[in-house]
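Source file: coords.pdb. Holds: PDB, C-alpha atoms.
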ATOM      1  CA  MET X   1     -71.116  -8.992 -23.067
ATOM      2  CA  LEU X   2     -68.504 -11.746 -23.093
ATOM      3  CA  LEU X   3     -65.864  -9.258 -24.251
ATOM      4  CA  LYS X   4     -66.746  -6.884 -21.392
ATOM      5  CA  LEU X   5     -66.454  -9.683 -18.842
ATOM      6  CA  PHE X   6     -63.173 -10.818 -20.354
ATOM      7  CA  LEU X   7     -61.783  -7.292 -20.165
ATOM      8  CA  CYS X   8     -63.000  -6.899 -16.571
ATOM      9  CA  PHE X   9     -61.411 -10.132 -15.434
ATOM     10  CA  THR X  10     -58.120  -9.506 -17.219
ATOM     11  CA  LEU X  11     -57.512  -5.761 -17.331
ATOM     12  CA  ILE X  12     -58.594  -4.865 -13.800
ATOM     13  CA  PRO X  13     -56.258  -7.398 -12.136
ATOM     14  CA  VAL X  14     -53.405  -6.271 -14.405
ATOM     15  CA  PHE X  15     -53.966  -2.617 -13.447
ATOM     16  CA  GLU X  16     -54.277  -3.615  -9.772
ATOM     17  CA  LEU X  17     -51.007  -5.514  -9.912
ATOM     18  CA  TYR X  18     -49.259  -2.656 -11.713
ATOM     19  CA  LEU X  19     -50.510  -0.120  -9.159
ATOM     20  CA  LEU X  20     -49.544  -2.344  -6.216
ATOM     21  CA  ILE X  21     -46.020  -2.720  -7.627
ATOM     22  CA  LYS X  22     -45.701   1.042  -8.206
ATOM     23  CA  VAL X  23     -47.025   1.911  -4.751
ATOM     24  CA  GLY X  24     -44.790  -0.777  -3.256
ATOM     25  CA  THR X  25     -41.694   0.783  -4.818
ATOM     26  CA  VAL X  26     -42.632   4.155  -3.317
ATOM     27  CA  ILE X  27     -43.803   3.232   0.200
ATOM     28  CA  GLY X  28     -42.400  -0.280   0.513
ATOM     29  CA  GLY X  29     -43.868  -3.741   0.222
ATOM     30  CA  LEU X  30     -44.944  -4.130   3.848
ATOM     31  CA  ASN X  31     -46.594  -0.701   3.891
ATOM     32  CA  THR X  32     -48.447  -1.528   0.676
ATOM     33  CA  ILE X  33     -49.765  -4.753   2.192
ATOM     34  CA  LEU X  34     -50.796  -2.856   5.331
ATOM     35  CA  LEU X  35     -52.547  -0.260   3.164
ATOM     36  CA  VAL X  36     -54.573  -2.954   1.386
ATOM     37  CA  ILE X  37     -55.464  -4.547   4.733
ATOM     38  CA  LEU X  38     -56.422  -1.158   6.193
ATOM     39  CA  THR X  39     -58.695  -0.293   3.277
ATOM     40  CA  GLY X  40     -60.277  -3.744   3.586
ATOM     41  CA  PHE X  41     -61.018  -3.243   7.293
ATOM     42  CA  LEU X  42     -62.274   0.296   6.689
ATOM     43  CA  GLY X  43     -64.522  -0.977   3.912
ATOM     44  CA  ALA X  44     -65.903  -3.826   6.029
ATOM     45  CA  TRP X  45     -66.621  -1.435   8.899
ATOM     46  CA  LEU X  46     -68.313   1.097   6.617
ATOM     47  CA  ALA X  47     -70.285  -1.641   4.805
ATOM     48  CA  ARG X  48     -71.575  -2.899   8.146
ATOM     49  CA  ILE X  49     -72.649   0.561   9.284
ATOM     50  CA  GLU X  50     -74.253   1.514   5.970
ATOM     51  CA  GLY X  51     -75.898  -1.895   5.648
ATOM     52  CA  MET X  52     -77.414  -1.643   9.121
ATOM     53  CA  ASN X  53     -78.654   1.912   8.468
ATOM     54  CA  THR X  54     -80.217   0.802   5.197
ATOM     55  CA  MET X  55     -81.884  -2.201   6.828
ATOM     56  CA  MET X  56     -83.356   0.025   9.560
ATOM     57  CA  LYS X  57     -84.740   2.446   6.941
ATOM     58  CA  LEU X  58     -86.107  -0.489   4.945
ATOM     59  CA  ARG X  59     -87.812  -1.928   8.026
ATOM     60  CA  MET X  60     -89.315   1.469   8.953
ATOM     61  CA  ASN X  61     -90.730   1.926   5.445
ATOM     62  CA  LEU X  62     -92.243  -1.557   5.470
ATOM     63  CA  GLN X  63     -93.843  -0.910   8.861
ATOM     64  CA  GLN X  64     -95.377   2.289   7.483
ATOM     65  CA  GLY X  65     -96.654   0.456   4.397
ATOM     66  CA  LEU X  66     -94.293   2.237   2.008
ATOM     67  CA  MET X  67     -92.381   0.540  -0.792
ATOM     68  CA  PRO X  68     -88.681   0.728   0.159
ATOM     69  CA  ALA X  69     -87.390   1.139  -3.410
ATOM     70  CA  GLU X  70     -84.528   3.502  -2.542
ATOM     71  CA  GLU X  71     -83.436   1.315   0.344
ATOM     72  CA  LEU X  72     -83.451  -1.783  -1.855
ATOM     73  CA  ILE X  73     -81.237  -0.028  -4.403
ATOM     74  CA  ASP X  74     -78.953   1.077  -1.559
ATOM     75  CA  ALA X  75     -78.809  -2.502  -0.280
ATOM     76  CA  VAL X  76     -77.815  -3.837  -3.710
ATOM     77  CA  ILE X  77     -75.132  -1.151  -4.102
ATOM     78  CA  ILE X  78     -73.783  -1.814  -0.580
ATOM     79  CA  PHE X  79     -73.700  -5.546  -1.361
ATOM     80  CA  ALA X  80     -71.823  -4.862  -4.609
ATOM     81  CA  ALA X  81     -69.405  -2.633  -2.694
ATOM     82  CA  GLY X  82     -68.775  -5.446  -0.225
ATOM     83  CA  ILE X  83     -68.004  -7.856  -3.060
ATOM     84  CA  VAL X  84     -65.648  -5.327  -4.667
ATOM     85  CA  LEU X  85     -63.911  -4.747  -1.329
ATOM     86  CA  ILE X  86     -63.245  -8.473  -0.938
ATOM     87  CA  THR X  87     -61.078  -8.268  -4.055
ATOM     88  CA  PRO X  88     -57.560  -7.310  -2.962
ATOM     89  CA  GLY X  89     -56.202  -4.191  -4.579
ATOM     90  CA  LEU X  90     -56.251  -0.440  -4.321
ATOM     91  CA  ILE X  91     -58.428   0.421  -7.324
ATOM     92  CA  THR X  92     -61.205  -1.947  -6.278
ATOM     93  CA  ASP X  93     -60.958  -0.761  -2.667
ATOM     94  CA  VAL X  94     -61.330   2.876  -3.695
ATOM     95  CA  PHE X  95     -64.291   1.987  -5.932
ATOM     96  CA  GLY X  96     -65.893  -0.027  -3.111
ATOM     97  CA  LEU X  97     -65.405   2.781  -0.601
ATOM     98  CA  LEU X  98     -66.938   5.266  -3.064
ATOM     99  CA  LEU X  99     -69.972   2.992  -3.390
ATOM    100  CA  LEU X 100     -70.298   2.868   0.398
ATOM    101  CA  TRP X 101     -69.985   6.592   1.018
ATOM    102  CA  PRO X 102     -73.561   7.990   0.936
ATOM    103  CA  VAL X 103     -72.692  11.083  -1.122
ATOM    104  CA  THR X 104     -71.073   9.179  -3.983
ATOM    105  CA  ARG X 105     -73.562   6.298  -3.643
ATOM    106  CA  ASN X 106     -76.405   8.769  -4.286
ATOM    107  CA  LYS X 107     -74.634  10.027  -7.415
ATOM    108  CA  PHE X 108     -74.224   6.426  -8.552
ATOM    109  CA  LYS X 109     -77.943   5.808  -7.906
ATOM    110  CA  GLN X 110     -78.808   8.805 -10.092
ATOM    111  CA  ILE X 111     -76.686   7.374 -12.906
ATOM    112  CA  LEU X 112     -78.360   3.962 -12.487
ATOM    113  CA  ARG X 113     -81.840   5.519 -12.513
ATOM    114  CA  LYS X 114     -81.011   7.412 -15.699
ATOM    115  CA  LYS X 115     -79.664   4.230 -17.317
ATOM    116  CA  PHE X 116     -82.775   2.253 -16.272
ATOM    117  CA  ASP X 117     -85.040   4.980 -17.665
ATOM    118  CA  GLU X 118     -83.156   4.928 -20.981
ATOM    119  CA  MET X 119     -83.394   1.134 -21.145
ATOM    120  CA  GLN X 120     -87.114   1.284 -20.410
ATOM    121  CA  LEU X 121     -87.718   3.905 -23.112
ATOM    122  CA  GLN X 122     -85.806   1.791 -25.633
ATOM    123  CA  GLY X 123     -87.907  -1.224 -24.697
ATOM    124  CA  ASN X 124     -84.956  -3.227 -23.390
ATOM    125  CA  ILE X 125     -86.663  -3.719 -20.025
ATOM    126  CA  ASN X 126     -90.282  -3.754 -18.957
ATOM    127  CA  ILE X 127     -91.315  -2.547 -15.522
ATOM    128  CA  SER X 128     -94.724  -3.702 -14.295
ATOM    129  CA  ARG X 129     -96.323  -1.801 -11.473
ATOM    130  CA  PHE X 130     -98.954  -3.439  -9.283
ATOM    131  CA  HIS X 131    -101.377  -1.233  -7.404
TER     132      HIS X 131
END

Translate the structure described by the file into structure tokens.
Amino acid sequence: MLLKLFLCFTLIPVFELYLLIKVGTVIGGLNTILLVILTGFLGAWLARIEGMNTMMKLRMNLQQGLMPAEELIDAVIIFAAGIVLITPGLITDVFGLLLLWPVTRNKFKQILRKKFDEMQLQGNINISRFH
């Protein structure tokens, strides 16, 4: 796990810096900075909209007495997308925007569900259900 964190905190910034330099040589430094700022604003706007929609769905499910499991997963993914979007760079911004877009977020949720199911079958996690 430590190796994965080390690679995340060293390789991702290096790739971000490399990409920013390459994009900057093509479209110019000021345009690259404006692009990063634009993707940040777009991400913040989309995170706000998706977060509010998710909170409304969560509240409706709770009022109806339903467990809002899907909405809670959406909320966690939207939160993670917001954290990723805070990080300056183009790769992280694209990843954050993909997590915010409902179509790709649903695909990501399917992958997470599959991973959780595999972990549960292997005995790595235990899920208790209360009725």

With distances taken over all atoms listed in the file, which residue among X:Lys109, X:Ile78, X:Met119, X:Thr10 lies nearest Arg48 in chain X? X:Ile78

Using only C-alpha atoms, which residues sit within 12 Å of range 86-92 of chain X once same-chain residues fewer than 4 positions away are excluded, as an MDAnalysis selection string? chainID X and resid 8:9 11:24 32:44 47 79:82 96:99

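CA of Gln63 in chain X sits 25.3 Å away from CA of Arg113 in chain X.
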
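Counting from CA of Phe116 in chain X, the distance to CA of Ile49 in chain X is 27.5 Å.
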
One decimal, in Å: what's the spacing between CA of Trp101 in chain X and CA of Leu85 in chain X?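 A separation of 13.1 Å between them.
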
Quick one: what's the axis-aligned box for range 15-34 of chain X, all listed atoms, 6 Å on every side, centre and edges in Å to one decimal, as lines of an AutoDock Vina configuration file?
center_x = -48.0
center_y = -0.7
center_z = -4.1
size_x = 24.6
size_y = 21.7
size_z = 30.8

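Across X:Asn124, X:Asn53, X:Thr25, X:Asn31, the tightest approach to Leu100 in chain X is made by X:Asn53 when counting only C-alpha atoms.
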
Write a file for range 38-49 of chain X of the given structure; include all heavy atoms and format it as a compact mmCIF listing (two decimals), in the first residue's frame.
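Generated output (selection-v8.txt):
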# COMPACT_ATOMS: atom_id res chain seq x y z
N LEU X 38 -10.36 27.06 -16.20
CA LEU X 38 -11.67 26.76 -16.77
C LEU X 38 -12.16 25.37 -16.36
O LEU X 38 -13.32 25.21 -15.97
CB LEU X 38 -11.63 26.86 -18.30
CG LEU X 38 -12.92 26.52 -19.03
CD1 LEU X 38 -13.97 27.58 -18.77
CD2 LEU X 38 -12.67 26.37 -20.52
N THR X 39 -11.28 24.38 -16.42
CA THR X 39 -11.70 23.04 -16.01
C THR X 39 -12.01 22.99 -14.52
O THR X 39 -12.91 22.27 -14.09
CB THR X 39 -10.63 21.98 -16.36
OG1 THR X 39 -9.39 22.33 -15.76
CG2 THR X 39 -10.48 21.83 -17.86
N GLY X 40 -11.30 23.79 -13.73
CA GLY X 40 -11.59 23.87 -12.30
C GLY X 40 -12.96 24.46 -12.03
O GLY X 40 -13.74 23.93 -11.23
N PHE X 41 -13.29 25.56 -12.73
CA PHE X 41 -14.62 26.17 -12.57
C PHE X 41 -15.72 25.25 -13.07
O PHE X 41 -16.76 25.10 -12.43
CB PHE X 41 -14.71 27.51 -13.30
CG PHE X 41 -14.15 28.66 -12.52
CD1 PHE X 41 -13.12 29.41 -13.04
CD2 PHE X 41 -14.64 28.99 -11.26
CE1 PHE X 41 -12.59 30.48 -12.33
CE2 PHE X 41 -14.11 30.05 -10.53
CZ PHE X 41 -13.08 30.79 -11.08
N LEU X 42 -15.49 24.62 -14.22
CA LEU X 42 -16.48 23.68 -14.76
C LEU X 42 -16.69 22.53 -13.79
O LEU X 42 -17.84 22.12 -13.53
CB LEU X 42 -16.02 23.14 -16.12
CG LEU X 42 -16.92 22.12 -16.79
CD1 LEU X 42 -18.26 22.74 -17.15
CD2 LEU X 42 -16.25 21.58 -18.05
N GLY X 43 -15.62 22.01 -13.23
CA GLY X 43 -15.73 20.93 -12.25
C GLY X 43 -16.46 21.35 -11.00
O GLY X 43 -17.30 20.60 -10.48
N ALA X 44 -16.18 22.54 -10.48
CA ALA X 44 -16.86 23.02 -9.28
C ALA X 44 -18.36 23.20 -9.54
O ALA X 44 -19.20 22.82 -8.72
CB ALA X 44 -16.24 24.34 -8.82
N TRP X 45 -18.69 23.74 -10.70
CA TRP X 45 -20.09 23.93 -11.07
C TRP X 45 -20.81 22.59 -11.19
O TRP X 45 -21.90 22.40 -10.65
CB TRP X 45 -20.17 24.72 -12.39
CG TRP X 45 -21.54 24.86 -12.94
CD1 TRP X 45 -22.53 25.70 -12.48
CD2 TRP X 45 -22.09 24.16 -14.05
NE1 TRP X 45 -23.66 25.55 -13.24
CE2 TRP X 45 -23.42 24.61 -14.22
CE3 TRP X 45 -21.59 23.20 -14.92
CZ2 TRP X 45 -24.24 24.12 -15.22
CZ3 TRP X 45 -22.41 22.72 -15.93
CH2 TRP X 45 -23.71 23.18 -16.06
N LEU X 46 -20.19 21.64 -11.88
CA LEU X 46 -20.79 20.33 -12.06
C LEU X 46 -20.87 19.57 -10.73
O LEU X 46 -21.87 18.89 -10.47
CB LEU X 46 -20.00 19.52 -13.09
CG LEU X 46 -20.62 18.24 -13.62
CD1 LEU X 46 -21.99 18.51 -14.21
CD2 LEU X 46 -19.72 17.61 -14.67
N ALA X 47 -19.86 19.70 -9.88
CA ALA X 47 -19.89 19.04 -8.57
C ALA X 47 -21.03 19.59 -7.72
O ALA X 47 -21.72 18.84 -7.03
CB ALA X 47 -18.56 19.23 -7.85
N ARG X 48 -21.25 20.88 -7.80
CA ARG X 48 -22.36 21.49 -7.05
C ARG X 48 -23.70 20.97 -7.53
O ARG X 48 -24.56 20.58 -6.73
CB ARG X 48 -22.30 23.01 -7.19
CG ARG X 48 -23.37 23.72 -6.40
CD ARG X 48 -23.17 25.24 -6.43
NE ARG X 48 -24.18 25.89 -5.65
CZ ARG X 48 -25.27 26.43 -6.16
NH1 ARG X 48 -25.49 26.40 -7.45
NH2 ARG X 48 -26.15 27.01 -5.37
N ILE X 49 -23.88 20.94 -8.84
CA ILE X 49 -25.16 20.47 -9.40
C ILE X 49 -25.38 18.99 -9.07
O ILE X 49 -26.46 18.60 -8.59
CB ILE X 49 -25.20 20.69 -10.93
CG1 ILE X 49 -25.33 22.18 -11.23
CG2 ILE X 49 -26.34 19.91 -11.57
CD1 ILE X 49 -25.22 22.51 -12.69
